[in-house]
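Asks: I'm passing along entry-v1.txt; it holds compact mmCIF, C-alpha atoms.
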```
# COMPACT_ATOMS: atom_id res chain seq x y z
CA MET N 9 5.81 -5.47 -16.68
CA THR N 10 2.92 -6.26 -14.40
CA ALA N 11 0.14 -3.75 -14.55
CA ASP N 12 -2.62 -5.26 -12.50
CA GLY N 13 -1.31 -4.26 -9.12
CA CYS N 14 0.07 -1.16 -7.53
CA GLY N 15 3.41 -2.62 -6.65
CA ALA N 16 6.80 -2.21 -8.18
CA PRO N 17 7.68 -4.17 -11.29
CA ALA N 18 9.13 -7.54 -10.35
CA GLY N 19 12.81 -7.20 -9.61
CA GLY N 20 12.79 -3.46 -10.13
CA VAL N 21 13.21 -1.92 -13.55
CA THR N 22 15.99 -2.72 -15.96
CA ALA N 23 14.89 -2.25 -19.56
CA SER N 24 14.12 1.09 -21.10
CA ALA N 25 10.44 1.91 -21.52
CA ALA N 26 8.78 2.70 -24.81
CA ALA N 27 6.92 5.89 -24.10
CA GLY N 28 4.04 5.44 -26.54
CA SER N 29 1.39 7.87 -25.40
CA GLN N 30 2.80 8.08 -21.87
CA ALA N 31 5.10 10.52 -20.13
CA VAL N 32 7.95 8.37 -18.87
CA VAL N 33 10.59 9.47 -16.39
CA GLU N 34 13.39 7.00 -15.84
CA GLY N 35 17.01 6.82 -14.85
CA LYS N 36 19.68 5.21 -12.71
CA VAL N 37 21.21 6.01 -9.36
CA THR N 38 24.94 5.51 -8.95
CA ARG N 39 27.57 6.08 -6.28
CA ALA N 40 31.14 6.46 -7.55
CA GLY N 41 30.04 4.89 -10.82
CA ALA N 42 28.48 1.81 -9.23
CA ALA N 43 24.75 1.08 -9.24
CA VAL N 44 22.90 1.81 -5.99
CA SER N 45 20.46 -1.07 -5.65
CA THR N 46 19.18 -0.31 -2.14
CA GLY N 47 17.21 2.90 -2.08
CA TYR N 48 14.06 4.57 -3.28
CA ALA N 49 13.10 7.07 -5.97
CA ARG N 50 10.16 9.37 -5.24
CA LEU N 51 8.34 11.53 -7.76
CA LEU N 52 6.98 14.73 -6.22
CA GLY N 53 4.68 17.38 -7.65
CA THR N 54 4.21 21.03 -6.82
CA GLY N 55 4.87 21.82 -3.17
CA ASP N 56 6.50 18.45 -2.60
CA GLU N 57 3.17 16.67 -3.18
CA PHE N 58 3.91 12.95 -3.23
CA VAL N 59 3.08 11.24 -6.51
CA ALA N 60 4.79 7.87 -6.58
CA GLU N 61 7.73 5.89 -5.25
CA VAL N 62 9.65 2.86 -6.45
CA PRO N 63 12.49 0.84 -4.96
CA LEU N 64 15.66 1.03 -7.04
CA GLY N 65 16.29 -1.96 -9.26
CA SER N 66 19.40 -4.12 -9.13
CA ASP N 67 21.00 -1.75 -11.67
CA GLY N 68 19.97 1.31 -9.65
CA GLY N 69 17.14 1.95 -12.10
CA PHE N 70 13.74 3.55 -11.60
CA ARG N 71 10.83 4.45 -13.87
CA PHE N 72 7.64 6.47 -13.57
CA PHE N 73 4.64 6.89 -15.87
CA ALA N 74 3.79 10.46 -15.01
CA ALA N 75 1.43 13.08 -16.31
CA PRO N 76 3.14 15.71 -18.50
CA GLY N 77 4.57 18.58 -16.49
CA SER N 78 7.24 19.58 -14.00
CA TRP N 79 8.24 17.18 -11.29
CA THR N 80 10.84 16.75 -8.60
CA LEU N 81 12.67 13.46 -8.37
CA ARG N 82 13.98 12.63 -4.88
CA VAL N 83 16.29 9.72 -4.15
CA LEU N 84 16.53 8.19 -0.67
CA ALA N 85 19.32 5.77 0.21
CA PRO N 86 20.80 4.30 3.41
CA GLY N 87 22.99 6.60 5.42
CA GLY N 88 20.53 9.47 5.27
CA VAL N 89 21.25 10.13 1.58
CA ARG N 90 18.78 12.47 -0.09
CA ALA N 91 19.27 13.83 -3.60
CA GLU N 92 16.89 15.82 -5.79
CA ARG N 93 16.56 16.65 -9.48
CA SER N 94 14.01 18.71 -11.39
CA VAL N 95 12.30 16.89 -14.25
CA GLU N 96 10.13 17.93 -17.21
CA ALA N 97 7.94 15.10 -18.54
CA GLY N 98 6.02 15.13 -21.82
CA TYR N 99 3.61 12.74 -23.57
CA GLY N 100 5.37 10.35 -25.87
CA GLN N 101 8.76 11.11 -24.33
CA VAL N 102 11.14 9.17 -22.16
CA THR N 103 12.89 11.69 -19.93
CA LYS N 104 16.19 10.33 -18.61
CA VAL N 105 17.39 11.42 -15.19
CA ASP N 106 20.54 9.83 -13.87
CA VAL N 107 21.48 10.64 -10.29
CA ALA N 108 24.95 10.32 -8.82
CA ILE N 109 24.92 10.37 -5.02
CA MET Q 13 -7.15 0.12 21.23
CA SER Q 14 -4.19 2.45 20.93
CA ARG Q 15 -1.29 2.92 18.55
CA SER Q 16 1.00 0.69 20.62
CA ASP Q 17 -1.49 -2.19 20.36
CA VAL Q 18 -1.29 -2.29 16.57
CA LEU Q 19 1.96 -0.65 15.50
CA VAL Q 20 5.52 -1.48 16.55
CA ASP Q 21 8.89 -0.03 15.62
CA ALA Q 22 11.97 -1.70 14.21
CA ASP Q 23 13.60 -2.05 17.64
CA TRP Q 24 10.61 -4.07 18.81
CA ALA Q 25 10.83 -6.22 15.70
CA GLU Q 26 14.56 -6.80 16.18
CA ALA Q 27 14.00 -7.77 19.80
CA HIS Q 28 11.42 -10.35 18.74
CA ILE Q 29 13.38 -12.07 15.99
CA GLY Q 30 13.35 -15.70 17.08
CA ASP Q 31 10.51 -15.19 19.56
CA PRO Q 32 8.51 -18.44 19.29
CA HIS Q 33 5.23 -16.58 19.79
CA VAL Q 34 5.85 -13.95 17.12
CA VAL Q 35 5.78 -14.72 13.41
CA ILE Q 36 7.24 -12.01 11.22
CA VAL Q 37 5.67 -11.95 7.75
CA GLU Q 38 6.78 -9.94 4.73
CA VAL Q 39 3.91 -9.19 2.36
CA ASP Q 40 4.65 -7.90 -1.10
CA GLU Q 41 3.30 -7.87 -4.56
CA ASP Q 42 6.85 -8.14 -5.83
CA THR Q 43 8.14 -11.02 -3.74
CA SER Q 44 11.56 -10.82 -5.34
CA ALA Q 45 12.18 -8.22 -2.61
CA TYR Q 46 11.83 -10.97 0.00
CA ASP Q 47 14.11 -13.24 -1.98
CA LYS Q 48 16.76 -10.52 -2.13
CA GLY Q 49 16.76 -10.21 1.65
CA HIS Q 50 14.22 -10.03 4.48
CA ILE Q 51 14.07 -9.57 8.22
CA PRO Q 52 15.76 -12.65 9.69
CA GLY Q 53 13.20 -15.36 10.39
CA ALA Q 54 10.45 -13.74 8.34
CA VAL Q 55 8.20 -15.85 6.13
CA LYS Q 56 6.63 -14.41 3.01
CA ILE Q 57 3.13 -13.96 1.73
CA ASP Q 58 2.61 -13.12 -1.92
CA TRP Q 59 -0.20 -10.59 -2.12
CA LYS Q 60 -1.43 -11.92 -5.42
CA LYS Q 61 -0.68 -15.64 -5.40
CA ASP Q 62 -1.52 -16.26 -1.77
CA LEU Q 63 -4.27 -13.79 -0.96
CA GLN Q 64 -6.27 -13.53 -4.20
CA ASP Q 65 -8.52 -16.17 -5.70
CA PRO Q 66 -6.78 -17.39 -8.89
CA VAL Q 67 -9.99 -17.34 -10.94
CA ARG Q 68 -12.63 -14.97 -9.59
CA ARG Q 69 -11.83 -11.43 -8.50
CA ASP Q 70 -12.08 -12.02 -4.77
CA PHE Q 71 -10.12 -13.11 -1.74
CA VAL Q 72 -9.17 -16.65 -1.02
CA ASP Q 73 -12.05 -18.06 1.00
CA GLN Q 74 -11.99 -19.03 4.67
CA THR Q 75 -10.74 -22.54 3.89
CA GLY Q 76 -8.05 -21.15 1.64
CA PHE Q 77 -6.88 -18.73 4.31
CA GLU Q 78 -6.75 -21.55 6.84
CA ALA Q 79 -4.69 -23.65 4.45
CA LEU Q 80 -2.31 -20.75 3.75
CA LEU Q 81 -1.62 -19.95 7.38
CA SER Q 82 -1.33 -23.62 8.32
CA GLU Q 83 1.20 -24.15 5.54
CA ARG Q 84 3.24 -21.10 6.60
CA GLY Q 85 3.38 -22.41 10.16
CA ILE Q 86 1.22 -19.71 11.73
CA SER Q 87 -1.06 -20.76 14.57
CA ASN Q 88 -4.08 -19.03 16.04
CA ASP Q 89 -2.11 -18.12 19.18
CA ASP Q 90 0.78 -16.50 17.34
CA THR Q 91 1.28 -12.77 17.18
CA VAL Q 92 1.77 -11.91 13.52
CA LEU Q 93 4.00 -8.94 12.71
CA LEU Q 94 3.45 -7.75 9.15
CA TYR Q 95 5.71 -5.57 7.06
CA GLY Q 96 6.37 -4.98 3.39
CA GLY Q 97 7.39 -2.70 0.60
CA ASN Q 98 5.47 0.18 -0.99
CA ASN Q 99 5.28 1.95 2.37
CA ASN Q 100 3.47 -1.05 3.85
CA TRP Q 101 0.56 -0.94 1.37
CA PHE Q 102 0.36 -4.68 0.97
CA ALA Q 103 1.25 -5.33 4.60
CA ALA Q 104 -1.62 -3.04 5.63
CA TYR Q 105 -3.86 -4.92 3.21
CA ALA Q 106 -2.76 -8.19 4.81
CA TYR Q 107 -3.35 -6.70 8.27
CA TRP Q 108 -6.90 -5.83 7.24
CA TYR Q 109 -7.26 -9.29 5.73
CA PHE Q 110 -6.04 -11.03 8.90
CA ARG Q 111 -8.56 -9.01 10.90
CA LEU Q 112 -11.26 -9.85 8.37
CA TYR Q 113 -10.68 -13.54 9.05
CA GLY Q 114 -10.61 -13.05 12.80
CA HIS Q 115 -6.88 -12.99 13.65
CA ASP Q 116 -6.66 -10.24 16.27
CA LYS Q 117 -3.06 -10.72 17.40
CA VAL Q 118 -1.64 -8.86 14.45
CA LEU Q 119 0.78 -5.93 14.31
CA LEU Q 120 2.21 -3.69 11.64
CA LEU Q 121 5.88 -2.68 11.54
CA ASP Q 122 6.05 1.12 11.36
CA GLY Q 123 7.95 2.14 8.24
CA GLY Q 124 7.89 -1.36 6.84
CA ARG Q 125 10.65 -2.61 4.62
CA LYS Q 126 11.71 0.85 3.53
CA LYS Q 127 12.68 2.16 6.93
CA TRP Q 128 14.34 -1.14 7.76
CA GLU Q 129 16.46 -0.82 4.60
CA LEU Q 130 17.19 2.88 4.99
CA ASP Q 131 18.32 2.21 8.56
CA SER Q 132 20.69 -0.45 7.17
CA ARG Q 133 19.29 -3.10 9.49
CA GLU Q 134 20.10 -6.76 8.93
CA LEU Q 135 18.48 -8.59 6.03
CA SER Q 136 18.76 -12.33 5.50
CA THR Q 137 18.25 -14.60 2.52
CA ASP Q 138 17.72 -17.68 4.72
CA VAL Q 139 14.19 -19.01 4.34
CA PRO Q 140 12.92 -20.29 7.69
CA SER Q 141 11.28 -23.67 8.00
CA ARG Q 142 8.24 -23.61 10.25
CA PRO Q 143 6.27 -26.73 11.17
CA LYS Q 144 2.74 -26.83 9.77
CA THR Q 145 -0.15 -25.86 12.00
CA SER Q 146 -3.90 -26.41 11.94
CA TYR Q 147 -5.07 -22.82 11.65
CA THR Q 148 -8.75 -22.02 12.11
CA ALA Q 149 -10.20 -18.83 10.64
CA THR Q 150 -13.55 -17.22 11.33
CA GLU Q 151 -16.01 -16.18 8.66
CA GLN Q 152 -15.20 -12.86 7.01
CA ASP Q 153 -16.05 -9.90 9.23
CA ARG Q 154 -18.14 -7.93 6.76
CA SER Q 155 -18.16 -4.89 9.04
CA LEU Q 156 -14.67 -4.16 7.68
CA ARG Q 157 -15.34 -4.64 3.94
CA ALA Q 158 -17.52 -2.66 1.53
CA LEU Q 159 -18.84 -4.05 -1.74
CA ARG Q 160 -20.02 -1.97 -4.69
CA ASP Q 161 -23.73 -1.70 -3.89
CA GLU Q 162 -22.93 -0.42 -0.42
CA VAL Q 163 -20.56 2.12 -1.92
CA LEU Q 164 -23.20 3.38 -4.36
CA ASP Q 165 -25.63 3.70 -1.49
CA ALA Q 166 -23.06 5.63 0.54
CA ILE Q 167 -22.79 8.51 -1.97
CA GLY Q 168 -23.75 11.69 -0.18
CA LYS Q 169 -24.44 9.85 3.06
CA ARG Q 170 -21.19 8.51 4.46
CA ASN Q 171 -17.61 9.70 4.33
CA LEU Q 172 -16.04 8.43 1.11
CA VAL Q 173 -12.29 8.76 1.20
CA ASP Q 174 -10.46 8.42 -2.09
CA VAL Q 175 -6.83 7.82 -1.14
CA ARG Q 176 -5.33 7.88 -4.64
CA SER Q 177 -3.08 10.64 -5.89
CA PRO Q 178 -4.71 13.95 -6.90
CA ASP Q 179 -4.04 13.16 -10.58
CA GLU Q 180 -5.94 9.89 -10.32
CA PHE Q 181 -8.73 11.56 -8.31
CA THR Q 182 -9.28 14.35 -10.81
CA GLY Q 183 -9.10 11.96 -13.76
CA ARG Q 184 -5.74 12.97 -15.24
CA LEU Q 185 -4.28 9.51 -14.61
CA LEU Q 186 -5.83 6.07 -14.28
CA ALA Q 187 -3.08 4.49 -12.22
CA PRO Q 188 -0.25 5.53 -9.92
CA ALA Q 189 2.62 7.15 -11.76
CA HIS Q 190 4.93 4.17 -11.43
CA LEU Q 191 2.59 1.98 -13.46
CA PRO Q 192 1.44 2.03 -17.08
CA GLN Q 193 -1.80 3.92 -17.51
CA GLU Q 194 -4.43 1.27 -18.02
CA GLN Q 195 -7.12 -0.56 -16.03
CA ALA Q 196 -10.52 1.05 -15.36
CA GLN Q 197 -12.68 2.06 -18.31
CA ARG Q 198 -13.28 5.55 -16.99
CA ALA Q 199 -11.23 8.01 -14.95
CA GLY Q 200 -12.43 10.21 -12.10
CA HIS Q 201 -13.81 9.59 -8.62
CA ILE Q 202 -16.99 8.60 -6.78
CA PRO Q 203 -19.23 11.64 -6.27
CA THR Q 204 -18.95 13.27 -2.82
CA ALA Q 205 -15.61 11.55 -2.12
CA ARG Q 206 -12.87 13.57 -0.44
CA ASN Q 207 -9.34 13.12 -1.76
CA VAL Q 208 -6.87 12.37 1.00
CA PRO Q 209 -3.92 10.64 -0.65
CA TRP Q 210 -2.61 7.79 1.49
CA SER Q 211 0.84 9.37 1.31
CA LYS Q 212 -0.25 12.28 3.47
CA ALA Q 213 -0.63 9.84 6.35
CA ALA Q 214 2.99 8.74 6.07
CA ASN Q 215 6.34 10.33 6.67
CA GLU Q 216 9.05 10.13 4.04
CA ASP Q 217 10.56 7.06 5.69
CA GLY Q 218 7.23 5.23 5.54
CA THR Q 219 6.32 5.61 9.22
CA PHE Q 220 2.87 6.90 10.13
CA ARG Q 221 2.37 10.49 11.15
CA SER Q 222 1.37 11.24 14.74
CA ASP Q 223 -2.24 10.84 15.86
CA ASP Q 224 -2.62 14.61 16.16
CA GLU Q 225 -1.32 15.15 12.63
CA LEU Q 226 -3.61 12.42 11.32
CA ARG Q 227 -6.68 13.87 13.03
CA GLN Q 228 -5.87 17.26 11.56
CA LEU Q 229 -5.41 15.72 8.12
CA TYR Q 230 -8.75 13.89 7.94
CA GLN Q 231 -10.97 15.94 10.20
CA GLY Q 232 -9.46 19.40 9.95
CA ASP Q 233 -8.08 19.61 6.41
CA ALA Q 234 -10.37 17.18 4.53
CA GLY Q 235 -13.47 17.90 6.60
CA LEU Q 236 -14.44 14.30 7.32
CA ASP Q 237 -17.27 13.95 9.80
CA PHE Q 238 -15.89 11.49 12.34
CA GLY Q 239 -19.43 10.89 13.55
CA LYS Q 240 -20.33 9.25 10.24
CA ASP Q 241 -19.43 5.84 8.87
CA THR Q 242 -16.55 5.84 6.41
CA ILE Q 243 -15.55 3.90 3.30
CA ALA Q 244 -12.01 4.18 1.93
CA TYR Q 245 -11.04 3.22 -1.61
CA CYS Q 246 -8.15 3.51 -4.04
CA ARG Q 247 -7.50 1.50 -7.20
CA ILE Q 248 -7.33 -2.11 -5.99
CA GLY Q 249 -7.79 -1.71 -2.25
CA GLU Q 250 -4.25 -1.84 -0.90
CA ARG Q 251 -3.52 1.88 -0.52
CA SER Q 252 -6.97 2.23 1.04
CA ALA Q 253 -6.10 -0.57 3.47
CA HIS Q 254 -3.27 1.73 4.60
CA THR Q 255 -5.85 4.47 5.22
CA TRP Q 256 -8.28 1.99 6.80
CA PHE Q 257 -5.47 1.14 9.23
CA VAL Q 258 -5.02 4.82 10.07
CA LEU Q 259 -8.71 5.57 10.59
CA HIS Q 260 -9.83 2.35 12.23
CA GLU Q 261 -6.74 1.15 14.08
CA LEU Q 262 -4.72 4.27 14.89
CA LEU Q 263 -7.50 6.85 15.31
CA GLY Q 264 -10.05 4.33 16.56
CA LEU Q 265 -13.00 5.32 14.35
CA ALA Q 266 -15.75 2.77 14.82
CA ASN Q 267 -17.22 2.10 11.40
CA VAL Q 268 -14.62 2.20 8.68
CA LYS Q 269 -14.71 -0.14 5.71
CA ASN Q 270 -12.25 -0.78 2.93
CA TYR Q 271 -13.72 -1.03 -0.58
CA ASP Q 272 -11.26 -3.44 -2.15
CA GLY Q 273 -13.06 -3.41 -5.50
CA SER Q 274 -12.00 0.23 -5.60
CA TRP Q 275 -11.55 2.20 -8.81
CA THR Q 276 -10.75 -0.77 -11.04
CA GLU Q 277 -14.28 -1.97 -10.29
CA TYR Q 278 -16.16 1.31 -9.87
CA GLY Q 279 -14.55 2.96 -12.90
CA SER Q 280 -15.69 0.07 -15.10
CA LEU Q 281 -19.29 -0.19 -13.87
CA VAL Q 282 -21.99 0.72 -16.36
CA GLY Q 283 -24.32 3.54 -15.45
CA VAL Q 284 -22.82 4.69 -12.15
CA PRO Q 285 -22.19 8.38 -11.42
CA ILE Q 286 -18.62 9.68 -11.76
CA GLU Q 287 -17.17 13.09 -11.01
CA LEU Q 288 -14.15 14.63 -12.68
CA GLY Q 289 -11.92 17.37 -11.36
CA GLU Q 290 -11.54 18.63 -7.82
CA ALA Q 291 -13.81 17.52 -4.98
CA ARG Q 292 -17.09 19.49 -4.87
```
Could you show the structure in this file as structure tokens?
Replies:
Amino acid sequence: MTADGCGAPAGGVTASAAAGSQAVVEGKVTRAGAAVSTGYARLLGTGDEFVAEVPLGSDGGFRFFAAPGSWTLRVLAPGGVRAERSVEAGYGQVTKVDVAI
Amino acid sequence: MSRSDVLVDADWAEAHIGDPHVVIVEVDEDTSAYDKGHIPGAVKIDWKKDLQDPVRRDFVDQTGFEALLSERGISNDDTVLLYGGNNNWFAAYAYWYFRLYGHDKVLLLDGGRKKWELDSRELSTDVPSRPKTSYTATEQDRSLRALRDEVLDAIGKRNLVDVRSPDEFTGRLLAPAHLPQEQAQRAGHIPTARNVPWSKAANEDGTFRSDDELRQLYQGDAGLDFGKDTIAYCRIGERSAHTWFVLHELLGLANVKNYDGSWTEYGSLVGVPIELGEAR
């Protein structure tokens, strides 16, 4: 994964992350069981404070390297789709959040 | 200069697909997005490969910029419409870059690639072929770009706007939360900087907030003195280009510079002052 820019990983995310000393939040977005590859995942803090956003990968995947704590994951997709999940992230953990829209 | 001189919406872009005087350019760090589908007729610029020197940490020089635009078929008389992913971060960086090298007929697509995609507008995988041009750039306009010594000298004197997330500003994270946590040697922010995350200037669909909302954000909420000169920074200068666009192009502030060295440079300098925690 590229780390010397602020952009999304090339081609979106596909492989699972090794958490190491990081607090990883990752998952997949599906619609009727099929991957949603056009859309965005946003990580929001307290009071809807924006933290980060990634485009969904070809497999509907997303991944964040967050600080430990409580977060809101919001998914945006064409057609005005908006879905939210609450997430708890911890150091050294990969928190999985799959979203069906 | 007003908002309509620098920012256009997707309807405008659609109406100018195929316009011989308008070149639509997608700018991304991850150019696989362009390859997957782009606005019909758009050419691509790779933020890293095309706009950064491959050896030194710096821009491509004037000759390199001329060669790039000539090769992409962009002439001095063309209006360049820029858009991209990441809420237009890299497109805003390219906008700033085009202005730095003297190309004034440049526009940003409000909402960038995200809004275009969320609106389910047409994307194409056809790569256009444009005849080469002989583009001529000016020398860099240094009134738009801050280097590290100028930033150090600005502490306590000018507005310093740190546009990173609050966790990066306070020192909890070293990079945005969608990237591994590495890069600068030290975390924190430049003393006297105000933290106005770039994201506060944008709506959820990536479009910019209204001028009134933006004035309230920077002047009212963050307490920036619009009578002072301003330097914006982030981690590598692309999110702060987004804020530079807001302050300089949308709100029309006279002296606003982007510090593209940003935290990856400042946070690795030896002996410079750093603050942790909330703004003081």
Asks: Restricting the calculation to only C-alpha atoms: of Q:Asp174, Q:Glu277, Q:Glu129, Q:Asp47, which residue gets closest to Q:His254?
Replies: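 Closest candidate: Q:Asp174.
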Asks: Just need the residues of chain Q within 10 Å of chain N, counting all atoms listed in the file, so spit them out as an NGL selection string.
Replies: :Q and (40-45 or 47-48 or 59-60 or 97-99 or 101-102 or 126-133 or 176-180 or 184-185 or 187-195 or 209-212 or 216-217 or 247-251 or 276)
Asks: Any idea what the distance is between atom CA of Q:Val37 and atom CA of Q:Val55?
Replies: 4.9 Å
Asks: Which distance in Å separates atom CA of Q:Leu263 and atom CA of Q:Leu112, to one decimal?
Replies: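 Here the two named atoms are 18.5 Å from each other.
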Asks: So that I can check the surroundings of N:Ala42, please list as a ChimeraX atom specification every protein, DNA and RNA residue that reaches within 10 Å of it, counting all atoms listed in the file and ignoring chain neighbours fewer than 4 positions away.
Replies: /N:37-38,67-68,108
Asks: Would you pick out the contacts of N:Ser78 at 10 Å or less, using all atoms listed in the file, so that residues sharing its chain but fewer than 6 positions from it are not included, and give the list as a PDB file with C-alpha atoms, in the coordinates of the input?
Replies:
```pdb
ATOM      1  CA  LEU N  52       6.980  14.730  -6.220  1.00  0.00           C
ATOM      2  CA  GLY N  53       4.680  17.380  -7.650  1.00  0.00           C
ATOM      3  CA  THR N  54       4.210  21.030  -6.820  1.00  0.00           C
ATOM      4  CA  SER N  94      14.010  18.710 -11.390  1.00  0.00           C
ATOM      5  CA  VAL N  95      12.300  16.890 -14.250  1.00  0.00           C
ATOM      6  CA  GLU N  96      10.130  17.930 -17.210  1.00  0.00           C
ATOM      7  CA  ALA N  97       7.940  15.100 -18.540  1.00  0.00           C
ATOM      8  CA  GLY N  98       6.020  15.130 -21.820  1.00  0.00           C
TER       9      GLY N  98
END
```
Asks: How many Å separate atom CA of Q:Ala106 from atom CA of Q:Gly124?
Replies: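 It comes out at 12.8 Å.
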Asks: Excluding same-chain residues fewer than 3 positions from N:Arg82, what lies within 7 Å of it counting only C-alpha atoms, as a PyMOL selection string?
Replies: chain N and resi 49-51+90-93
Asks: Dump C-alpha atoms for the selected residues as a short mmCIF file (atom, residue, chain, number, x, y, z; two decimals), in the frame of the given file?
Replies:
```
data_model
loop_
_atom_site.label_atom_id
_atom_site.label_comp_id
_atom_site.auth_asym_id
_atom_site.auth_seq_id
_atom_site.Cartn_x
_atom_site.Cartn_y
_atom_site.Cartn_z
CA ALA N 49 13.10 7.07 -5.97
CA ARG N 50 10.16 9.37 -5.24
CA LEU N 51 8.34 11.53 -7.76
CA ARG N 90 18.78 12.47 -0.09
CA ALA N 91 19.27 13.83 -3.60
CA GLU N 92 16.89 15.82 -5.79
CA ARG N 93 16.56 16.65 -9.48
#
```
